[in-house]
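Engineer: Have a peek at final.pdb (PDB, C-alpha atoms and all ligand atoms).
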```pdb
ATOM      1  CA  MET A   3     -24.900 -47.235 -36.275
ATOM      2  CA  ASP A   4     -24.850 -45.397 -32.884
ATOM      3  CA  SER A   5     -27.852 -46.249 -30.729
ATOM      4  CA  GLN A   6     -29.442 -43.182 -29.096
ATOM      5  CA  PRO A   7     -29.593 -43.404 -25.285
ATOM      6  CA  GLU A   8     -32.990 -42.985 -23.644
ATOM      7  CA  VAL A   9     -33.435 -39.601 -21.968
ATOM      8  CA  ARG A  10     -36.011 -38.770 -19.319
ATOM      9  CA  ILE A  11     -37.056 -35.424 -17.910
ATOM     10  CA  LEU A  12     -35.625 -34.582 -14.493
ATOM     11  CA  ILE A  13     -36.513 -30.866 -14.317
ATOM     12  CA  ASN A  14     -39.106 -29.607 -16.759
ATOM     13  CA  ARG A  15     -39.116 -26.260 -18.563
ATOM     14  CA  GLN A  16     -41.666 -24.687 -16.211
ATOM     15  CA  GLU A  17     -39.541 -25.604 -13.192
ATOM     16  CA  ILE A  18     -36.461 -24.207 -14.933
ATOM     17  CA  GLU A  19     -38.277 -20.967 -15.732
ATOM     18  CA  ALA A  20     -39.385 -20.601 -12.092
ATOM     19  CA  ALA A  21     -35.817 -21.151 -10.880
ATOM     20  CA  VAL A  22     -34.407 -18.695 -13.423
ATOM     21  CA  SER A  23     -36.918 -16.051 -12.242
ATOM     22  CA  ARG A  24     -36.043 -16.668  -8.609
ATOM     23  CA  LEU A  25     -32.301 -16.466  -9.281
ATOM     24  CA  ALA A  26     -32.768 -13.306 -11.344
ATOM     25  CA  ALA A  27     -34.651 -11.691  -8.456
ATOM     26  CA  GLU A  28     -31.831 -12.556  -6.029
ATOM     27  CA  ILE A  29     -29.168 -11.313  -8.452
ATOM     28  CA  SER A  30     -31.124  -8.124  -9.179
ATOM     29  CA  GLN A  31     -31.313  -7.308  -5.516
ATOM     30  CA  ASP A  32     -27.539  -7.684  -5.092
ATOM     31  CA  TYR A  33     -26.283  -6.228  -8.403
ATOM     32  CA  HIS A  34     -28.818  -3.677  -9.702
ATOM     33  CA  ASP A  35     -26.508  -0.730  -8.945
ATOM     34  CA  LYS A  36     -23.166  -2.487  -9.536
ATOM     35  CA  TYR A  37     -22.877  -2.702 -13.346
ATOM     36  CA  PRO A  38     -21.679  -6.324 -13.099
ATOM     37  CA  LEU A  39     -19.881  -8.428 -15.671
ATOM     38  CA  LEU A  40     -21.536 -11.824 -16.107
ATOM     39  CA  ILE A  41     -19.122 -14.461 -17.386
ATOM     40  CA  ASP A  42     -20.765 -17.411 -19.083
ATOM     41  CA  ILE A  43     -18.915 -20.717 -19.182
ATOM     42  CA  LEU A  44     -19.160 -22.214 -22.647
ATOM     43  CA  LYS A  45     -20.791 -24.173 -23.917
ATOM     44  CA  GLY A  46     -23.213 -25.676 -21.416
ATOM     45  CA  SER A  47     -24.355 -22.410 -19.787
ATOM     46  CA  PHE A  48     -25.375 -20.520 -22.920
ATOM     47  CA  MET A  49     -29.099 -21.219 -22.611
ATOM     48  CA  PHE A  50     -29.214 -20.475 -18.889
ATOM     49  CA  MET A  51     -27.307 -17.209 -19.421
ATOM     50  CA  ALA A  52     -29.598 -16.150 -22.273
ATOM     51  CA  ASP A  53     -32.731 -16.797 -20.200
ATOM     52  CA  LEU A  54     -31.301 -15.307 -17.002
ATOM     53  CA  ILE A  55     -30.216 -11.948 -18.419
ATOM     54  CA  ARG A  56     -33.620 -11.381 -20.009
ATOM     55  CA  HIS A  57     -34.902 -11.088 -16.429
ATOM     56  CA  LEU A  58     -32.209  -8.620 -15.367
ATOM     57  CA  ASP A  59     -33.489  -5.104 -15.866
ATOM     58  CA  PHE A  60     -30.347  -3.089 -15.061
ATOM     59  CA  PRO A  61     -27.051  -2.266 -16.808
ATOM     60  CA  LEU A  62     -24.637  -5.177 -17.100
ATOM     61  CA  GLU A  63     -22.085  -6.672 -19.458
ATOM     62  CA  VAL A  64     -21.551 -10.244 -20.577
ATOM     63  CA  ASP A  65     -18.472 -12.153 -21.607
ATOM     64  CA  PHE A  66     -17.731 -15.788 -22.345
ATOM     65  CA  ILE A  67     -15.002 -18.211 -21.370
ATOM     66  CA  GLY A  68     -14.376 -21.652 -22.757
ATOM     67  CA  LEU A  69     -12.792 -24.279 -20.530
ATOM     68  CA  SER A  70     -11.868 -27.797 -21.411
ATOM     69  CA  SER A  71     -12.350 -30.226 -18.565
ATOM     70  CA  TYR A  72     -14.380 -33.148 -19.772
ATOM     71  CA  GLY A  73     -13.028 -35.587 -22.296
ATOM     72  CA  LYS A  74     -15.401 -37.534 -24.465
ATOM     73  CA  GLY A  75     -18.375 -39.179 -22.818
ATOM     74  CA  LYS A  76     -19.242 -38.846 -19.155
ATOM     75  CA  GLN A  77     -15.838 -38.957 -17.464
ATOM     76  CA  THR A  78     -13.901 -35.870 -16.446
ATOM     77  CA  SER A  79     -10.247 -35.746 -17.422
ATOM     78  CA  GLY A  80      -9.549 -33.853 -14.195
ATOM     79  CA  LYS A  81      -7.387 -31.396 -16.112
ATOM     80  CA  VAL A  82      -8.806 -27.953 -16.811
ATOM     81  CA  LYS A  83      -7.475 -25.318 -19.155
ATOM     82  CA  VAL A  84      -8.707 -22.110 -20.749
ATOM     83  CA  ALA A  85      -9.602 -22.835 -24.353
ATOM     84  CA  HIS A  86     -11.247 -19.472 -25.110
ATOM     85  CA  ASP A  87     -10.500 -16.528 -22.817
ATOM     86  CA  ILE A  88     -12.623 -13.516 -21.855
ATOM     87  CA  SER A  89     -11.947 -10.310 -23.760
ATOM     88  CA  THR A  90     -13.015  -7.915 -20.968
ATOM     89  CA  PRO A  91     -10.514  -6.650 -18.344
ATOM     90  CA  ILE A  92     -12.014  -7.603 -14.970
ATOM     91  CA  LYS A  93      -9.708  -5.799 -12.546
ATOM     92  CA  GLY A  94     -11.955  -3.840 -10.178
ATOM     93  CA  ARG A  95     -15.181  -5.228 -11.731
ATOM     94  CA  GLU A  96     -18.062  -6.939  -9.970
ATOM     95  CA  VAL A  97     -17.925 -10.352 -11.605
ATOM     96  CA  LEU A  98     -20.601 -13.045 -11.540
ATOM     97  CA  VAL A  99     -19.773 -16.417 -13.109
ATOM     98  CA  ILE A 100     -22.682 -18.247 -14.720
ATOM     99  CA  GLU A 101     -22.316 -22.038 -14.638
ATOM    100  CA  ASP A 102     -24.593 -24.839 -15.791
ATOM    101  CA  ILE A 103     -23.493 -27.544 -13.378
ATOM    102  CA  VAL A 104     -20.950 -27.970 -10.603
ATOM    103  CA  ASP A 105     -19.993 -31.624 -10.469
ATOM    104  CA  THR A 106     -16.579 -32.534  -8.999
ATOM    105  CA  GLY A 107     -15.964 -28.798  -8.632
ATOM    106  CA  LEU A 108     -12.595 -29.012 -10.406
ATOM    107  CA  THR A 109     -13.636 -26.827 -13.343
ATOM    108  CA  THR A 110     -15.284 -24.138 -11.253
ATOM    109  CA  ALA A 111     -12.530 -24.069  -8.633
ATOM    110  CA  PHE A 112      -9.961 -23.670 -11.414
ATOM    111  CA  LEU A 113     -11.961 -20.871 -13.027
ATOM    112  CA  LEU A 114     -12.599 -18.942  -9.807
ATOM    113  CA  ASP A 115      -8.896 -19.136  -8.981
ATOM    114  CA  TYR A 116      -7.978 -18.045 -12.527
ATOM    115  CA  LEU A 117     -10.334 -15.050 -12.373
ATOM    116  CA  GLN A 118      -9.428 -14.107  -8.796
ATOM    117  CA  LYS A 119      -5.830 -13.601  -9.899
ATOM    118  CA  LYS A 120      -7.071 -10.823 -12.188
ATOM    119  CA  LYS A 121      -8.237  -8.909  -9.094
ATOM    120  CA  PRO A 122     -11.953  -8.290  -9.618
ATOM    121  CA  ALA A 123     -13.717  -6.128  -6.989
ATOM    122  CA  SER A 124     -15.902  -9.161  -6.234
ATOM    123  CA  LEU A 125     -16.290 -12.646  -7.652
ATOM    124  CA  LYS A 126     -19.396 -14.774  -7.153
ATOM    125  CA  LEU A 127     -20.869 -17.903  -8.678
ATOM    126  CA  CYS A 128     -24.347 -18.660  -9.961
ATOM    127  CA  SER A 129     -24.982 -22.269 -10.976
ATOM    128  CA  LEU A 130     -28.205 -23.682 -12.311
ATOM    129  CA  THR A 131     -27.453 -27.125 -10.895
ATOM    130  CA  ASP A 132     -25.251 -28.679  -8.238
ATOM    131  CA  LYS A 133     -24.334 -32.387  -8.289
ATOM    132  CA  SER A 134     -23.057 -31.971  -4.734
ATOM    133  CA  SER A 135     -22.620 -35.697  -3.975
ATOM    134  CA  ARG A 136     -19.757 -35.813  -6.497
ATOM    135  CA  ARG A 137     -17.739 -32.904  -5.108
ATOM    136  CA  GLN A 138     -13.947 -33.373  -4.897
ATOM    137  CA  VAL A 139     -12.960 -29.784  -4.119
ATOM    138  CA  PRO A 140     -15.033 -27.269  -2.136
ATOM    139  CA  VAL A 141     -16.910 -24.658  -4.171
ATOM    140  CA  THR A 142     -19.225 -21.976  -2.775
ATOM    141  CA  ILE A 143     -22.287 -21.483  -4.966
ATOM    142  CA  ASP A 144     -23.739 -18.059  -4.168
ATOM    143  CA  TYR A 145     -26.872 -18.458  -6.318
ATOM    144  CA  LEU A 146     -28.131 -22.011  -6.909
ATOM    145  CA  GLY A 147     -31.043 -23.304  -8.986
ATOM    146  CA  PHE A 148     -31.260 -26.998  -8.132
ATOM    147  CA  THR A 149     -29.353 -29.670  -6.260
ATOM    148  CA  VAL A 150     -29.425 -32.662  -8.608
ATOM    149  CA  PRO A 151     -28.845 -36.392  -8.119
ATOM    150  CA  ASN A 152     -25.750 -38.213  -9.318
ATOM    151  CA  LYS A 153     -27.022 -38.841 -12.834
ATOM    152  CA  PHE A 154     -25.616 -37.683 -16.147
ATOM    153  CA  LEU A 155     -27.700 -34.701 -17.245
ATOM    154  CA  VAL A 156     -28.382 -33.403 -20.743
ATOM    155  CA  GLY A 157     -30.587 -30.718 -22.230
ATOM    156  CA  TYR A 158     -31.065 -27.005 -21.597
ATOM    157  CA  GLY A 159     -27.491 -26.491 -22.832
ATOM    158  CA  LEU A 160     -25.949 -29.615 -21.286
ATOM    159  CA  ASP A 161     -24.523 -32.212 -23.628
ATOM    160  CA  LEU A 162     -23.348 -35.743 -24.021
ATOM    161  CA  ASN A 163     -20.670 -35.727 -26.739
ATOM    162  CA  GLN A 164     -22.088 -32.383 -27.986
ATOM    163  CA  LYS A 165     -25.583 -33.785 -28.445
ATOM    164  CA  PHE A 166     -28.855 -32.998 -26.617
ATOM    165  CA  ARG A 167     -28.039 -29.321 -25.845
ATOM    166  CA  ASN A 168     -31.230 -28.301 -27.639
ATOM    167  CA  LEU A 169     -33.636 -30.180 -25.352
ATOM    168  CA  PRO A 170     -35.782 -27.582 -23.525
ATOM    169  CA  ASP A 171     -35.917 -29.605 -20.279
ATOM    170  CA  ILE A 172     -33.098 -30.887 -18.070
ATOM    171  CA  CYS A 173     -33.045 -34.620 -18.663
ATOM    172  CA  PHE A 174     -31.025 -37.561 -17.431
ATOM    173  CA  ILE A 175     -29.497 -40.564 -19.102
ATOM    174  CA  GLU A 176     -29.645 -43.854 -17.277
ATOM    175  CA  ASP A 177     -26.361 -45.770 -17.177
ATOM    176  CA  GLU A 178     -26.496 -48.525 -19.723
ATOM    177  CA  ASP A 179     -23.961 -50.610 -17.782
TER     178      ASP A 179
HETATM  179  P1  LIG B   1     -16.630 -30.517 -12.795
HETATM  180  O1  LIG B   1     -15.285 -29.967 -13.100
HETATM  181  O2  LIG B   1     -16.562 -32.004 -12.529
HETATM  182  O3  LIG B   1     -17.372 -29.796 -11.697
HETATM  183  O4  LIG B   1     -17.501 -30.428 -14.095
HETATM  184  C1  LIG B   1     -17.927 -29.250 -14.606
HETATM  185  C2  LIG B   1     -18.275 -29.367 -16.057
HETATM  186  O5  LIG B   1     -18.444 -30.722 -16.479
HETATM  187  C3  LIG B   1     -19.598 -28.694 -16.316
HETATM  188  O6  LIG B   1     -19.419 -27.341 -16.613
HETATM  189  C4  LIG B   1     -20.129 -29.488 -17.482
HETATM  190  O7  LIG B   1     -19.628 -28.951 -18.680
HETATM  191  C5  LIG B   1     -19.561 -30.875 -17.296
HETATM  192  N1  LIG B   1     -20.538 -31.777 -16.634
HETATM  193  C6  LIG B   1     -20.511 -32.222 -15.367
HETATM  194  N2  LIG B   1     -21.559 -33.009 -15.100
HETATM  195  C7  LIG B   1     -22.284 -33.045 -16.242
HETATM  196  C8  LIG B   1     -23.525 -33.674 -16.616
HETATM  197  O8  LIG B   1     -24.191 -34.366 -15.839
HETATM  198  N3  LIG B   1     -23.943 -33.460 -17.887
HETATM  199  C9  LIG B   1     -23.264 -32.686 -18.787
HETATM  200  N4  LIG B   1     -22.108 -32.077 -18.475
HETATM  201  C10 LIG B   1     -21.624 -32.251 -17.222
END
```
Could you quickly redo this structure as structure tokens?

Structural biologist:
Amino acid sequence: MDSQPEVRILINRQEIEAAVSRLAAEISQDYHDKYPLLIDILKGSFMFMADLIRHLDFPLEVDFIGLSSYGKGKQTSGKVKVAHDISTPIKGREVLVIEDIVDTGLTTAFLLDYLQKKKPASLKLCSLTDKSSRRQVPVTIDYLGFTVPNKFLVGYGLDLNQKFRNLPDICFIEDED
């Protein structure tokens, strides 16, 4: 039988809510008259996106993109591909990508490059968390919630082998080895 790893809270739900409100205020200021398209990266960002857009009181659209970057467990494969594409044409649109975590940066850099080729009017990135100490390629995060330590995070949409997404707080798993 699989033993369940111990999880501990790193950022609690009240802190998340405060960060989401702050980010929404920043985004509102910049996009309230721009009818932006927010692109959510599946699956980890779904909860953040859902909470964020409830604070945005202006016209916008949402779309979703699925990327495969991580293999099983905690190690990245380093290879990124589009597993589920957006259905909205983005040429000439103001596009804001909504990410849960930027780790090595490989996934986000790939995605920004992929979207840039479709010639949006603007392309910016909002990430709830930034594991900046692990960065392998440079990524500019225009709207950032939290810089986080080099720990494996779960909860608030983030998973380990598809589990723990439903935890309402951002938690970490201590390395067993
Ligand atoms: P990157 O390509 O290394 O920046 O990784 C980006 C993706 O890896 C994120 O969108 C997450 O899906 C996943 N990821 C990176 N770090 C973590 C973590 O600590 N917990 C859960 N998923 C993570």

Engineer: Work out how far CA of Ser135 in chain A is from CA of Leu98 in chain A, in Å to one decimal.

Structural biologist: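 These atoms are spaced 24.0 Å apart.
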
Engineer: With distances taken over all atoms listed in the file, which of A:Ile18, A:Cys173, A:Leu62, A:Leu113 is nearest to Phe50 in chain A?

Structural biologist: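 Answer, going by the shortest atom-to-atom distance: A:Ile18.
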
Engineer: Using only C-alpha atoms, which residues sit within 10 Å of range 67-70 of chain A once same-chain residues fewer than 6 positions away are excluded, as an MDAnalysis selection string?

Structural biologist: chainID A and resid 41:46 78:89 99 109:110 112:113

Engineer: Dump the neighbourhood of ligand LIG 1 (chain B) as a list of chain:residue names: all residues within 6 Å, distances computed on all atoms listed in the file.

Structural biologist: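 So, counting all atoms listed in the file, the residues near ligand LIG 1 (chain B) are A:Gly46, A:Tyr72, A:Asp102, A:Ile103, A:Val104, A:Asp105, A:Thr106, A:Gly107, A:Leu108, A:Thr109, A:Phe154, A:Leu155, A:Val156, A:Leu160, A:Asp161.
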
Engineer: Go ahead and dump the residues you just picked, C-alpha atoms, as a compact mmCIF listing (two decimals), keeping the file's coordinate frame.

Structural biologist:
```
# COMPACT_ATOMS: atom_id res chain seq x y z
CA GLY A 46 -23.21 -25.68 -21.42
CA TYR A 72 -14.38 -33.15 -19.77
CA ASP A 102 -24.59 -24.84 -15.79
CA ILE A 103 -23.49 -27.54 -13.38
CA VAL A 104 -20.95 -27.97 -10.60
CA ASP A 105 -19.99 -31.62 -10.47
CA THR A 106 -16.58 -32.53 -9.00
CA GLY A 107 -15.96 -28.80 -8.63
CA LEU A 108 -12.60 -29.01 -10.41
CA THR A 109 -13.64 -26.83 -13.34
CA PHE A 154 -25.62 -37.68 -16.15
CA LEU A 155 -27.70 -34.70 -17.24
CA VAL A 156 -28.38 -33.40 -20.74
CA LEU A 160 -25.95 -29.62 -21.29
CA ASP A 161 -24.52 -32.21 -23.63
```

Engineer: With all atoms listed in the file as the basis for distance, which of A:Leu169, A:Asn163, A:Cys128, A:Lys93 is at the shortest distance from Gly147 in chain A?

Structural biologist: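 Looking at the shortest contact to Gly147 in chain A, the residue is A:Cys128.
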
Engineer: Given 3 Å on each side, where is the centre and what are the edge lengths in Å to one decimal of the axis-aligned box enclosing the listed atoms of range 93-96 of chain A, as JSON?

Structural biologist:
```
{"center_x": -13.9, "center_y": -5.4, "center_z": -11.3, "size_x": 14.4, "size_y": 9.1, "size_z": 8.6}
```

Engineer: Mind telling me what the PyMOL selection byres (((chain A and resi 32) around 12) and not hetatm) catches here, as an mmCIF file with C-alpha atoms, in the frame of the given file?

Structural biologist:
```
data_model
loop_
_atom_site.group_PDB
_atom_site.id
_atom_site.type_symbol
_atom_site.label_atom_id
_atom_site.label_comp_id
_atom_site.auth_asym_id
_atom_site.auth_seq_id
_atom_site.Cartn_x
_atom_site.Cartn_y
_atom_site.Cartn_z
ATOM 1 C CA LEU A 25 -32.301 -16.466 -9.281
ATOM 2 C CA ALA A 26 -32.768 -13.306 -11.344
ATOM 3 C CA ALA A 27 -34.651 -11.691 -8.456
ATOM 4 C CA GLU A 28 -31.831 -12.556 -6.029
ATOM 5 C CA ILE A 29 -29.168 -11.313 -8.452
ATOM 6 C CA SER A 30 -31.124 -8.124 -9.179
ATOM 7 C CA GLN A 31 -31.313 -7.308 -5.516
ATOM 8 C CA TYR A 33 -26.283 -6.228 -8.403
ATOM 9 C CA HIS A 34 -28.818 -3.677 -9.702
ATOM 10 C CA ASP A 35 -26.508 -0.730 -8.945
ATOM 11 C CA LYS A 36 -23.166 -2.487 -9.536
ATOM 12 C CA TYR A 37 -22.877 -2.702 -13.346
ATOM 13 C CA PRO A 38 -21.679 -6.324 -13.099
ATOM 14 C CA LEU A 58 -32.209 -8.620 -15.367
ATOM 15 C CA PHE A 60 -30.347 -3.089 -15.061
ATOM 16 C CA GLU A 96 -18.062 -6.939 -9.970
ATOM 17 C CA VAL A 97 -17.925 -10.352 -11.605
ATOM 18 C CA LEU A 98 -20.601 -13.045 -11.540
ATOM 19 C CA SER A 124 -15.902 -9.161 -6.234
ATOM 20 C CA LYS A 126 -19.396 -14.774 -7.153
ATOM 21 C CA ASP A 144 -23.739 -18.059 -4.168
ATOM 22 C CA TYR A 145 -26.872 -18.458 -6.318
#
```

Engineer: Identify which of the residues A:Leu117, A:Leu130, A:Ala20, A:Ile172 lies closest to Glu101 in chain A, counting only C-alpha atoms when measuring atom-to-atom distances.

Structural biologist: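 Closest residue, counting only C-alpha atoms: A:Leu130.
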